[in-house]
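*Asks:* This one is model-v6.pdb, PDB, C-alpha atoms.
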```
MODEL        1
ATOM      1  CA  MET A   1       0.000   0.000   0.000
ATOM      2  CA  ILE A   2       2.923   2.340   0.814
ATOM      3  CA  GLU A   3       6.354   1.655  -0.693
ATOM      4  CA  VAL A   4       9.401   3.814  -0.078
ATOM      5  CA  GLU A   5      12.644   2.742  -1.744
ATOM      6  CA  ASN A   6      15.960   4.554  -1.272
ATOM      7  CA  VAL A   7      14.287   7.988  -1.099
ATOM      8  CA  THR A   8      16.394  11.087  -0.591
ATOM      9  CA  LYS A   9      15.188  14.659  -0.222
ATOM     10  CA  GLU A  10      17.460  17.674  -0.502
ATOM     11  CA  PHE A  11      16.680  21.292   0.312
ATOM     12  CA  GLY A  12      19.623  23.179  -1.119
ATOM     13  CA  SER A  13      22.663  22.162   0.905
ATOM     14  CA  VAL A  14      20.544  20.324   3.506
ATOM     15  CA  THR A  15      19.768  16.623   2.991
ATOM     16  CA  ALA A  16      16.640  15.799   5.007
ATOM     17  CA  LEU A  17      16.257  12.171   3.840
ATOM     18  CA  LYS A  18      19.199   9.898   3.073
ATOM     19  CA  GLY A  19      18.083   6.716   1.343
ATOM     20  CA  VAL A  20      14.931   5.944   3.360
ATOM     21  CA  SER A  21      13.239   2.602   2.610
ATOM     22  CA  PHE A  22      10.200   0.871   4.168
ATOM     23  CA  ARG A  23       6.856  -0.782   3.344
ATOM     24  CA  VAL A  24       3.394  -0.514   4.852
ATOM     25  CA  GLU A  25       0.979  -3.285   3.888
ATOM     26  CA  ARG A  26      -2.762  -2.879   3.296
ATOM     27  CA  GLY A  27      -4.705  -2.537   6.556
ATOM     28  CA  GLN A  28      -1.636  -2.045   8.756
ATOM     29  CA  ALA A  29      -1.340   0.672  11.384
ATOM     30  CA  VAL A  30       2.327   1.663  11.450
ATOM     31  CA  GLY A  31       4.054   4.074  13.798
ATOM     32  CA  LEU A  32       6.749   6.415  12.510
ATOM     33  CA  LEU A  33       9.183   7.243  15.312
ATOM     34  CA  GLY A  34      12.236   9.438  15.560
ATOM     35  CA  PRO A  35      13.659  12.428  17.429
ATOM     36  CA  ASN A  36      12.973  15.996  16.321
ATOM     37  CA  GLY A  37      14.586  16.642  12.938
ATOM     38  CA  ALA A  38      14.794  12.939  12.082
ATOM     39  CA  GLY A  39      12.840  13.364   8.827
ATOM     40  CA  LYS A  40       9.378  12.099   9.848
ATOM     41  CA  THR A  41       7.414  15.080   8.536
ATOM     42  CA  THR A  42       9.486  15.174   5.348
ATOM     43  CA  ILE A  43       8.603  11.504   4.700
ATOM     44  CA  MET A  44       4.910  12.274   5.176
ATOM     45  CA  ARG A  45       5.057  15.269   2.860
ATOM     46  CA  VAL A  46       6.713  13.210   0.135
ATOM     47  CA  LEU A  47       4.006  10.534   0.484
ATOM     48  CA  THR A  48       1.213  13.126   0.345
ATOM     49  CA  CYS A  49       2.768  14.780  -2.723
ATOM     50  CA  PHE A  50       3.559  18.123  -1.100
ATOM     51  CA  PHE A  51       6.918  17.844  -2.814
ATOM     52  CA  PRO A  52       8.716  15.144  -4.828
ATOM     53  CA  PRO A  53      11.674  13.071  -3.654
ATOM     54  CA  SER A  54      15.069  14.184  -4.953
ATOM     55  CA  THR A  55      15.936  10.569  -5.795
ATOM     56  CA  GLY A  56      14.393   7.168  -5.154
ATOM     57  CA  VAL A  57      10.851   5.843  -5.553
ATOM     58  CA  ALA A  58       7.811   6.438  -3.335
ATOM     59  CA  LYS A  59       4.453   4.799  -4.101
ATOM     60  CA  VAL A  60       1.029   4.986  -2.465
ATOM     61  CA  CYS A  61      -1.697   2.536  -3.532
ATOM     62  CA  GLY A  62       0.728   1.281  -6.192
ATOM     63  CA  MET A  63       1.060   4.738  -7.775
ATOM     64  CA  ASP A  64       4.204   6.830  -8.046
ATOM     65  CA  VAL A  65       4.130  10.131  -6.111
ATOM     66  CA  ILE A  66       5.614  12.046  -9.057
ATOM     67  CA  ARG A  67       3.618  10.625 -11.969
ATOM     68  CA  HIS A  68       0.275  10.127 -10.173
ATOM     69  CA  SER A  69       0.208  12.983  -7.669
ATOM     70  CA  LEU A  70      -3.471  13.927  -8.076
ATOM     71  CA  ASP A  71      -4.702  10.308  -7.976
ATOM     72  CA  ILE A  72      -2.743   9.703  -4.747
ATOM     73  CA  ARG A  73      -4.192  12.825  -3.139
ATOM     74  CA  ARG A  74      -7.713  11.612  -3.912
ATOM     75  CA  ARG A  75      -6.983   8.307  -2.138
ATOM     76  CA  THR A  76      -5.100   9.726   0.838
ATOM     77  CA  GLY A  77      -6.281  11.475   3.993
ATOM     78  CA  TYR A  78      -3.656  13.707   5.604
ATOM     79  CA  PHE A  79      -3.801  15.131   9.108
ATOM     80  CA  LEU A  80      -1.123  17.696   9.940
ATOM     81  CA  GLU A  81       0.123  18.385  13.464
ATOM     82  CA  SER A  82      -1.474  21.836  13.297
ATOM     83  CA  ALA A  83      -4.534  21.210  11.169
ATOM     84  CA  PRO A  84      -5.017  24.099   8.673
ATOM     85  CA  LEU A  85      -8.671  24.971   9.264
ATOM     86  CA  TYR A  86     -10.738  27.928   8.093
ATOM     87  CA  VAL A  87     -11.787  29.266  11.477
ATOM     88  CA  THR A  88     -14.479  31.602  10.090
ATOM     89  CA  MET A  89     -16.384  28.677   8.534
ATOM     90  CA  SER A  90     -18.772  26.336  10.320
ATOM     91  CA  VAL A  91     -17.762  22.690  10.679
ATOM     92  CA  SER A  92     -20.321  21.541   8.076
ATOM     93  CA  ASP A  93     -19.465  24.265   5.587
ATOM     94  CA  PHE A  94     -15.772  23.524   5.899
ATOM     95  CA  LEU A  95     -16.306  19.801   5.264
ATOM     96  CA  PHE A  96     -18.492  20.565   2.220
ATOM     97  CA  PHE A  97     -15.687  22.815   0.989
ATOM     98  CA  VAL A  98     -13.209  19.940   1.451
ATOM     99  CA  CYS A  99     -15.526  17.703  -0.597
ATOM    100  CA  GLY A 100     -15.262  20.176  -3.446
ATOM    101  CA  VAL A 101     -11.478  20.373  -3.184
ATOM    102  CA  LYS A 102     -11.207  16.578  -3.234
ATOM    103  CA  GLY A 103     -13.492  16.250  -6.239
ATOM    104  CA  VAL A 104     -16.343  14.412  -4.494
ATOM    105  CA  LYS A 105     -19.444  14.256  -6.701
ATOM    106  CA  ARG A 106     -22.140  16.734  -5.622
ATOM    107  CA  SER A 107     -24.659  13.919  -5.176
ATOM    108  CA  HIS A 108     -22.302  12.198  -2.680
ATOM    109  CA  ARG A 109     -21.210  15.200  -0.636
ATOM    110  CA  LYS A 110     -24.045  15.207   1.910
ATOM    111  CA  ASN A 111     -23.405  11.557   2.797
ATOM    112  CA  GLU A 112     -19.651  12.114   2.948
ATOM    113  CA  VAL A 113     -20.012  15.016   5.362
ATOM    114  CA  SER A 114     -22.599  13.218   7.508
ATOM    115  CA  GLU A 115     -20.434  10.113   7.813
ATOM    116  CA  ALA A 116     -17.322  12.118   8.715
ATOM    117  CA  ILE A 117     -19.232  14.165  11.313
ATOM    118  CA  GLU A 118     -20.722  11.050  12.913
ATOM    119  CA  LEU A 119     -17.476   9.083  12.914
ATOM    120  CA  CYS A 120     -15.554  11.964  14.526
ATOM    121  CA  GLY A 121     -18.258  12.813  17.084
ATOM    122  CA  LEU A 122     -19.026  16.264  15.702
ATOM    123  CA  GLN A 123     -22.829  16.004  15.604
ATOM    124  CA  HIS A 124     -23.356  18.690  18.264
ATOM    125  CA  VAL A 125     -20.974  21.236  16.758
ATOM    126  CA  GLY A 126     -21.743  20.891  13.037
ATOM    127  CA  ASN A 127     -23.190  24.404  12.779
ATOM    128  CA  ARG A 128     -20.629  26.123  15.025
ATOM    129  CA  LEU A 129     -17.743  28.226  13.773
ATOM    130  CA  ILE A 130     -14.465  26.288  13.858
ATOM    131  CA  GLY A 131     -12.735  29.235  15.526
ATOM    132  CA  ASN A 132     -15.047  28.879  18.562
ATOM    133  CA  LEU A 133     -14.239  25.185  19.143
ATOM    134  CA  SER A 134     -11.873  23.743  21.737
ATOM    135  CA  LYS A 135      -8.554  22.358  20.530
ATOM    136  CA  GLY A 136      -9.857  18.812  20.951
ATOM    137  CA  TYR A 137     -12.793  19.482  18.636
ATOM    138  CA  LYS A 138     -10.535  21.254  16.149
ATOM    139  CA  GLN A 139      -8.413  18.090  16.040
ATOM    140  CA  ARG A 140     -11.577  16.106  15.348
ATOM    141  CA  VAL A 141     -12.444  18.463  12.487
ATOM    142  CA  GLY A 142      -8.915  17.904  11.146
ATOM    143  CA  LEU A 143      -9.487  14.158  11.212
ATOM    144  CA  ALA A 144     -12.926  14.551   9.650
ATOM    145  CA  GLN A 145     -11.490  16.425   6.649
ATOM    146  CA  ALA A 146      -8.893  13.652   6.256
ATOM    147  CA  LEU A 147     -11.730  11.092   6.044
ATOM    148  CA  ILE A 148     -13.624  12.886   3.271
ATOM    149  CA  ASN A 149     -13.750  10.839   0.040
ATOM    150  CA  GLN A 150     -13.237   7.507   1.871
ATOM    151  CA  PRO A 151      -9.414   7.460   1.603
ATOM    152  CA  GLN A 152      -7.640   4.104   1.482
ATOM    153  CA  VAL A 153      -4.617   5.561   3.290
ATOM    154  CA  LEU A 154      -4.503   7.833   6.335
ATOM    155  CA  ILE A 155      -1.309   9.721   7.185
ATOM    156  CA  LEU A 156      -1.504  11.276  10.640
ATOM    157  CA  ASP A 157       1.166  13.645  11.950
ATOM    158  CA  GLU A 158       1.062  13.978  15.774
ATOM    159  CA  PRO A 159      -2.761  13.718  16.009
ATOM    160  CA  THR A 160      -2.927  14.088  19.826
ATOM    161  CA  ILE A 161      -0.241  16.736  20.410
ATOM    162  CA  GLY A 162      -1.313  19.450  22.868
ATOM    163  CA  LEU A 163      -4.593  17.805  23.917
ATOM    164  CA  ASP A 164      -5.778  17.171  27.455
ATOM    165  CA  PRO A 165      -6.092  13.522  28.662
ATOM    166  CA  GLU A 166      -9.801  13.260  27.880
ATOM    167  CA  GLN A 167      -9.313  14.633  24.369
ATOM    168  CA  VAL A 168      -6.333  12.309  23.798
ATOM    169  CA  PHE A 169      -8.492   9.325  24.793
ATOM    170  CA  GLY A 170     -11.186  10.343  22.314
ATOM    171  CA  ILE A 171      -8.774  10.768  19.388
ATOM    172  CA  ARG A 172      -7.020   7.452  20.151
ATOM    173  CA  LYS A 173     -10.372   5.668  20.316
ATOM    174  CA  LEU A 174     -11.269   7.097  16.913
ATOM    175  CA  ILE A 175      -7.944   5.989  15.388
ATOM    176  CA  LYS A 176      -8.512   2.457  16.731
ATOM    177  CA  VAL A 177     -11.886   2.383  14.967
ATOM    178  CA  LEU A 178     -10.244   3.459  11.708
ATOM    179  CA  ALA A 179      -7.330   0.988  11.974
ATOM    180  CA  GLY A 180      -7.886  -2.123   9.882
ATOM    181  CA  GLU A 181     -10.462  -0.422   7.672
ATOM    182  CA  ARG A 182      -7.732   1.835   6.314
ATOM    183  CA  THR A 183      -3.961   1.761   6.071
ATOM    184  CA  ILE A 184      -2.537   4.169   8.665
ATOM    185  CA  LEU A 185       0.897   5.758   8.969
ATOM    186  CA  LEU A 186       1.085   7.560  12.305
ATOM    187  CA  SER A 187       3.814   9.881  13.523
ATOM    188  CA  SER A 188       3.996  10.520  17.275
ATOM    189  CA  HIS A 189       6.438  11.544  19.999
ATOM    190  CA  ILE A 190       4.343   9.592  22.528
ATOM    191  CA  LEU A 191       5.812   6.091  22.470
ATOM    192  CA  SER A 192       3.032   4.569  24.573
ATOM    193  CA  GLU A 193       0.562   5.870  21.981
ATOM    194  CA  VAL A 194       2.402   4.127  19.153
ATOM    195  CA  SER A 195       2.529   0.937  21.230
ATOM    196  CA  MET A 196      -1.251   1.046  21.754
ATOM    197  CA  LEU A 197      -2.285   1.966  18.215
ATOM    198  CA  CYS A 198       0.288   0.402  15.876
ATOM    199  CA  ASN A 199       1.244  -3.178  14.994
ATOM    200  CA  LYS A 200       4.573  -2.181  13.436
ATOM    201  CA  ILE A 201       7.077   0.603  14.005
ATOM    202  CA  ILE A 202       9.516   2.373  11.693
ATOM    203  CA  VAL A 203      12.329   4.268  13.410
ATOM    204  CA  VAL A 204      14.141   7.048  11.557
ATOM    205  CA  ASN A 205      17.110   9.089  12.694
ATOM    206  CA  LYS A 206      19.084  11.785  10.881
ATOM    207  CA  GLY A 207      17.190  11.095   7.663
ATOM    208  CA  ARG A 208      17.770   7.324   7.638
ATOM    209  CA  THR A 209      15.629   4.279   8.437
ATOM    210  CA  ILE A 210      17.321   2.450  11.316
ATOM    211  CA  ALA A 211      14.616  -0.129  12.168
ATOM    212  CA  GLU A 212      11.399  -1.524  10.687
ATOM    213  CA  ASP A 213       9.635  -4.319  12.547
ATOM    214  CA  THR A 214       7.034  -5.179  15.171
ATOM    215  CA  SER A 215       7.894  -4.051  18.695
ATOM    216  CA  LYS A 216       7.904  -7.746  19.699
ATOM    217  CA  ASN A 217      10.569  -8.642  17.126
ATOM    218  CA  LEU A 218      12.662  -5.591  17.954
ATOM    219  CA  ASN A 219      12.412  -6.556  21.598
ATOM    220  CA  THR A 220      13.797 -10.009  20.825
ATOM    221  CA  ILE A 221      16.625  -8.626  18.689
ATOM    222  CA  LEU A 222      17.698  -5.903  21.116
ATOM    223  CA  GLN A 223      17.197  -7.608  24.437
ATOM    224  CA  GLY A 224      19.644 -10.433  23.754
ATOM    225  CA  ASN A 225      19.207 -12.953  26.568
ATOM    226  CA  VAL A 226      15.693 -13.574  27.899
ATOM    227  CA  LEU A 227      14.865 -12.324  31.383
ATOM    228  CA  THR A 228      12.065 -14.139  33.217
ATOM    229  CA  LYS A 229      10.474 -13.475  36.589
ATOM    230  CA  VAL A 230       9.393 -16.718  38.325
ATOM    231  CA  GLN A 231       7.665 -17.354  41.660
ATOM    232  CA  ILE A 232       8.655 -20.739  43.108
ATOM    233  CA  GLU A 233       7.684 -22.455  46.348
ATOM    234  CA  GLY A 234      10.750 -24.421  47.405
ATOM    235  CA  VAL A 235      13.958 -24.205  49.389
ATOM    236  CA  PRO A 236      15.716 -21.127  47.933
ATOM    237  CA  SER A 237      19.280 -22.459  48.067
ATOM    238  CA  LEU A 238      18.185 -25.668  46.311
ATOM    239  CA  VAL A 239      16.144 -23.756  43.715
ATOM    240  CA  ILE A 240      19.092 -21.578  42.751
ATOM    241  CA  ARG A 241      21.542 -24.503  42.678
ATOM    242  CA  GLU A 242      19.328 -26.700  40.468
ATOM    243  CA  LEU A 243      18.346 -23.919  38.076
ATOM    244  CA  GLU A 244      21.974 -22.940  37.537
ATOM    245  CA  LYS A 245      22.690 -26.510  36.400
ATOM    246  CA  VAL A 246      20.332 -26.127  33.408
ATOM    247  CA  LYS A 247      22.200 -25.600  30.151
ATOM    248  CA  GLY A 248      21.092 -22.258  28.702
ATOM    249  CA  ILE A 249      20.406 -20.575  32.046
ATOM    250  CA  PHE A 250      23.145 -18.043  32.748
ATOM    251  CA  LYS A 251      22.089 -16.338  35.939
ATOM    252  CA  VAL A 252      19.596 -16.854  38.781
ATOM    253  CA  SER A 253      18.987 -14.284  41.503
ATOM    254  CA  THR A 254      16.354 -13.732  44.163
ATOM    255  CA  HIS A 255      14.163 -10.726  43.526
ATOM    256  CA  GLU A 256      11.469 -10.559  46.203
ATOM    257  CA  LYS A 257      10.140 -12.688  49.054
ATOM    258  CA  ARG A 258       6.431 -13.435  48.716
ATOM    259  CA  ALA A 259       5.900 -15.759  51.727
ATOM    260  CA  ASP A 260       7.720 -18.490  53.638
ATOM    261  CA  ASN A 261       9.594 -20.589  51.081
ATOM    262  CA  ILE A 262       7.938 -18.642  48.220
ATOM    263  CA  LEU A 263      10.423 -16.392  46.472
ATOM    264  CA  GLU A 264      10.439 -14.477  43.228
ATOM    265  CA  TYR A 265      13.518 -15.160  41.101
ATOM    266  CA  LEU A 266      14.985 -13.335  38.119
ATOM    267  CA  ILE A 267      16.356 -15.842  35.613
ATOM    268  CA  GLU A 268      18.480 -14.901  32.606
ATOM    269  CA  SER A 269      18.502 -17.513  29.853
ATOM    270  CA  ASP A 270      19.509 -18.033  26.229
ATOM    271  CA  LYS A 271      16.910 -17.156  23.558
ATOM    272  CA  SER A 272      17.234 -20.644  22.072
ATOM    273  CA  LEU A 273      16.238 -22.370  25.328
ATOM    274  CA  ASP A 274      12.648 -23.616  25.644
ATOM    275  CA  PHE A 275      12.508 -21.999  29.053
ATOM    276  CA  CYS A 276       8.975 -22.988  30.095
ATOM    277  CA  LYS A 277       9.590 -26.637  29.261
ATOM    278  CA  ALA A 278      12.900 -26.681  31.134
ATOM    279  CA  LEU A 279      11.366 -24.921  34.141
ATOM    280  CA  CYS A 280       8.396 -27.308  34.353
ATOM    281  CA  GLU A 281      10.629 -30.364  34.097
ATOM    282  CA  ILE A 282      12.993 -29.250  36.863
ATOM    283  CA  ALA A 283      10.119 -28.092  39.085
ATOM    284  CA  PHE A 284       8.373 -31.457  38.699
ATOM    285  CA  SER A 285      11.523 -33.445  39.481
ATOM    286  CA  ASN A 286      12.183 -31.384  42.640
ATOM    287  CA  ASN A 287       8.555 -31.124  43.815
ATOM    288  CA  TRP A 288       8.538 -27.324  43.577
ATOM    289  CA  ILE A 289       5.292 -25.421  43.156
ATOM    290  CA  LEU A 290       5.298 -22.772  40.437
ATOM    291  CA  ARG A 291       3.309 -19.717  41.518
ATOM    292  CA  GLY A 292       3.871 -17.508  38.502
ATOM    293  CA  VAL A 293       5.985 -16.992  35.364
ATOM    294  CA  GLN A 294       6.431 -13.656  33.570
ATOM    295  CA  THR A 295       8.774 -12.912  30.671
ATOM    296  CA  LEU A 296      10.133  -9.386  31.043
ATOM    297  CA  LYS A 297      10.259  -7.290  27.881
ATOM    298  CA  LEU A 298      11.774  -3.973  26.952
ATOM    299  CA  SER A 299       9.324  -1.100  26.851
ATOM    300  CA  LEU A 300       8.989   0.770  23.571
ATOM    301  CA  GLU A 301      10.862   3.635  25.238
ATOM    302  CA  GLU A 302      13.780   1.294  26.013
ATOM    303  CA  ILE A 303      13.736  -0.105  22.464
ATOM    304  CA  PHE A 304      13.814   3.432  21.055
ATOM    305  CA  LEU A 305      16.707   4.495  23.294
ATOM    306  CA  LYS A 306      18.706   1.355  22.453
ATOM    307  CA  LEU A 307      18.254   1.957  18.731
ATOM    308  CA  MET A 308      19.317   5.592  19.111
ATOM    309  CA  ALA A 309      22.370   4.534  21.134
ATOM    310  CA  GLN A 310      23.340   1.942  18.506
ATOM    311  CA  GLU A 311      23.022   4.543  15.753
ATOM    312  CA  GLU A 312      25.233   7.000  17.647
ATOM    313  CA  THR A 313      27.860   4.252  18.118
ATOM    314  CA  LYS A 314      27.916   3.583  14.349
ATOM    315  CA  ASN A 315      28.493   7.249  13.646
TER     316      ASN A 315
ENDMDL
END
```
Would you write out, as structure tokens, the structure that this file holds?

*Replies:*
Amino acid sequence: MIEVENVTKEFGSVTALKGVSFRVERGQAVGLLGPNGAGKTTIMRVLTCFFPPSTGVAKVCGMDVIRHSLDIRRRTGYFLESAPLYVTMSVSDFLFFVCGVKGVKRSHRKNEVSEAIELCGLQHVGNRLIGNLSKGYKQRVGLAQALINQPQVLILDEPTIGLDPEQVFGIRKLIKVLAGERTILLSSHILSEVSMLCNKIIVVNKGRTIAEDTSKNLNTILQGNVLTKVQIEGVPSLVIRELEKVKGIFKVSTHEKRADNILEYLIESDKSLDFCKALCEIAFSNNWILRGVQTLKLSLEEIFLKLMAQEETKN
């Protein structure tokens, strides 16, 4: 649905994108992450045909952004961080205006506007001037205009920036409804938001793609050895001694006492070890009672910081 292959973008002496490549499949919700100045907004503007790439190929819905610019714009909904709205127009009038800009047939415009208003929860403010709305409702109007003409692809640049918690919840709920029905590329500084809304992440830094995968796969790659938290009822000294005998377990340490003879252990093991099988076998042979098993994973924040640190080391 979205294909970016070795794209560069130069602005005079400044190179904003340096050979960026990634893919977004139909129906995916993908998060675009990176520090300020990484090139996220430039990528989005290339994909929405604001300006062409200097070199490389970018396609949306199978169409090239240079040769099929107008067709791509008709199939793409774009939400900018600061949505450009005509504040002296009412919500309904503005959305009818957007229908005209996007080339929606006159006979379809009423339905298009009604559906966008309902989906974005704007029923009670349809006749109000946009300039009199709260920031949360203005964001909803920005999303509504992106949905006009039933776009196959939604490109959202920081859709919840500057909103209060209640407004953020409403916008995230709306994006979840849209995910799956449409292909979504979402840029955000809020890593927990990307984790909640997206099933794949693309990390860019200094104009380059440095990672493209699910957070689960990146976790596996970056974490190295597996860290597991296990609650075991048994004699602690015996538990530690027997676990350390297992090939593939590197380190066992006590973490927290839960009750008499029930301790929580942190166990570091090799990724290739079938840890649950090995744990059950040794627990059974020693008559231990397993009270809980939890594999510890890196947070998306930790993944992001590790990738940034690796990139700095390369440079």

*Asks:* Can you translate the PyMOL selection byres ((chain A and resi 102-113) around 8) into the concrete residues it hits in this file, as a ChimeraX atom specification?

*Replies:* /A:73-74,92,95-96,98-101,114-117,148-150

*Asks:* Translate the PyMOL selection byres ((chain A and resi 195) around 10), as applied to the file shown, into an explicit residue set as a PyMOL selection string.

*Replies:* chain A and resi 30-31+190-194+196-201+214-215+299-301

*Asks:* Output the residue selection produced by the PyMOL selection byres ((chain A and resi 269) around 12) on the file above, formatted as a ChimeraX atom specification.

*Replies:* /A:223-229,243-252,266-268,270-276,278-279,295-296

*Asks:* The selected residues should be written to file as an mmCIF file, in the coordinates of the input (atoms: C-alpha atoms).

*Replies:*
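Output file result09.cif is given in full below:
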```cif
data_model
loop_
_atom_site.group_PDB
_atom_site.id
_atom_site.type_symbol
_atom_site.label_atom_id
_atom_site.label_comp_id
_atom_site.auth_asym_id
_atom_site.auth_seq_id
_atom_site.Cartn_x
_atom_site.Cartn_y
_atom_site.Cartn_z
ATOM 1 C CA GLN A 223 17.197 -7.608 24.437
ATOM 2 C CA GLY A 224 19.644 -10.433 23.754
ATOM 3 C CA ASN A 225 19.207 -12.953 26.568
ATOM 4 C CA VAL A 226 15.693 -13.574 27.899
ATOM 5 C CA LEU A 227 14.865 -12.324 31.383
ATOM 6 C CA THR A 228 12.065 -14.139 33.217
ATOM 7 C CA LYS A 229 10.474 -13.475 36.589
ATOM 8 C CA LEU A 243 18.346 -23.919 38.076
ATOM 9 C CA GLU A 244 21.974 -22.940 37.537
ATOM 10 C CA LYS A 245 22.690 -26.510 36.400
ATOM 11 C CA VAL A 246 20.332 -26.127 33.408
ATOM 12 C CA LYS A 247 22.200 -25.600 30.151
ATOM 13 C CA GLY A 248 21.092 -22.258 28.702
ATOM 14 C CA ILE A 249 20.406 -20.575 32.046
ATOM 15 C CA PHE A 250 23.145 -18.043 32.748
ATOM 16 C CA LYS A 251 22.089 -16.338 35.939
ATOM 17 C CA VAL A 252 19.596 -16.854 38.781
ATOM 18 C CA LEU A 266 14.985 -13.335 38.119
ATOM 19 C CA ILE A 267 16.356 -15.842 35.613
ATOM 20 C CA GLU A 268 18.480 -14.901 32.606
ATOM 21 C CA ASP A 270 19.509 -18.033 26.229
ATOM 22 C CA LYS A 271 16.910 -17.156 23.558
ATOM 23 C CA SER A 272 17.234 -20.644 22.072
ATOM 24 C CA LEU A 273 16.238 -22.370 25.328
ATOM 25 C CA ASP A 274 12.648 -23.616 25.644
ATOM 26 C CA PHE A 275 12.508 -21.999 29.053
ATOM 27 C CA CYS A 276 8.975 -22.988 30.095
ATOM 28 C CA ALA A 278 12.900 -26.681 31.134
ATOM 29 C CA LEU A 279 11.366 -24.921 34.141
ATOM 30 C CA THR A 295 8.774 -12.912 30.671
ATOM 31 C CA LEU A 296 10.133 -9.386 31.043
#
```

*Asks:* Counting all atoms listed in the file, what is within 10 Å of Ile202 of chain A, bar same-chain residues fewer than 5 positions away, as a ChimeraX atom specification?

*Replies:* /A:21-24,30-34,40,185-187,209-215

*Asks:* Could you give me, as a list in words, the residues within 10 Å of Val125 of chain A, counting only C-alpha atoms and dropping anything in the same chain fewer than 2 positions from it?

*Replies:*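 Non-adjacent residues within range: Ser90, Val91, Ser92, Ile117, Gly121, Leu122, Gln123, Asn127, Arg128, Leu129, Ile130, Asn132, Leu133, Tyr137 and Val141 of chain A.
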
*Asks:* Near Lys9 of chain A, within 7 Å and counting all atoms listed in the file, which residues show up once chain neighbours fewer than 6 positions away are dropped, as a list in words?

*Replies:*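 Here the qualifying residues turn out to be Thr15, Ala16, Leu17, Pro53, Ser54 and Thr55 of chain A.
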
*Asks:* Please, what distance in Å, to one decimal, runs between atom CA of Gln145 of chain A and atom CA of Lys59 of chain A?

*Replies:*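 Computed distance, atom CA of Gln145 of chain A to atom CA of Lys59 of chain A, equals 22.5 Å.
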
*Asks:* Record the distance separating atom CA of Ile289 of chain A and atom CA of Ile262 of chain A, expressed in Å with one decimal.

*Replies:*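 Rounded to one decimal, the two atoms are 8.9 Å apart.
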
*Asks:* Which one is closest to Asn287 of chain A: A:Val239, A:Gly62, A:Asp164, A:Thr88? Count only C-alpha atoms.

*Replies:*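 Of the candidates, the smallest distance to Asn287 of chain A is held by A:Val239.
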
*Asks:* Nearest to Cys49 of chain A among A:Leu143, A:Val20, A:Ile155, A:Leu163, with distances taken over all atoms listed in the file: which residue is it?

*Replies:*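 Checking each of A:Leu143, A:Val20, A:Ile155, A:Leu163 against Cys49 of chain A, counting all atoms listed in the file, the winner is A:Ile155.
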
*Asks:* By how many Å are atom CA of Gly207 of chain A and atom CA of Val4 of chain A apart?

*Replies:*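 Calculated distance between atom CA of Gly207 of chain A and atom CA of Val4 of chain A is 13.2 Å.
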
*Asks:* Smallest atom-to-atom distance to Phe284 of chain A: which of A:Val87, A:Glu233, A:Ser253, A:Gln167, using all atoms listed in the file?

*Replies:*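 Looking at the shortest contact to Phe284 of chain A, the residue is A:Glu233.
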
*Asks:* Nearest to Leu178 of chain A among A:Ser134, A:Thr160, A:Phe79, A:Leu119, with distances taken over only C-alpha atoms: which residue is it?

*Replies:* A:Leu119

*Asks:* Using all atoms listed in the file, which of A:Pro159, A:Pro236, A:Leu174, A:Val203 sits nearest Ile303 of chain A?

*Replies:*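 The closest residue to Ile303 of chain A is A:Val203.
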
*Asks:* Looking at A:Gln231, A:Thr183, A:Thr41, A:Ser237, which one is nearest to Glu256 of chain A, with distances taken over only C-alpha atoms?

*Replies:* A:Gln231

*Asks:* Tell me, as a PyMOL selection string, which residues lie within 8 Å of Gly142 of chain A, counting all atoms listed in the file; anything in the same chain fewer than 2 positions away does not count.

*Replies:* chain A and resi 79-80+83-85+138-140+144-146

*Asks:* Show me as a VMD selection string the residues that reach within 12 Å of (-11.0, -2.9, 8.5), counting all atoms listed in the file and using the file's own coordinates.

*Replies:* chain A and resid 26 to 29 152 to 153 175 to 184
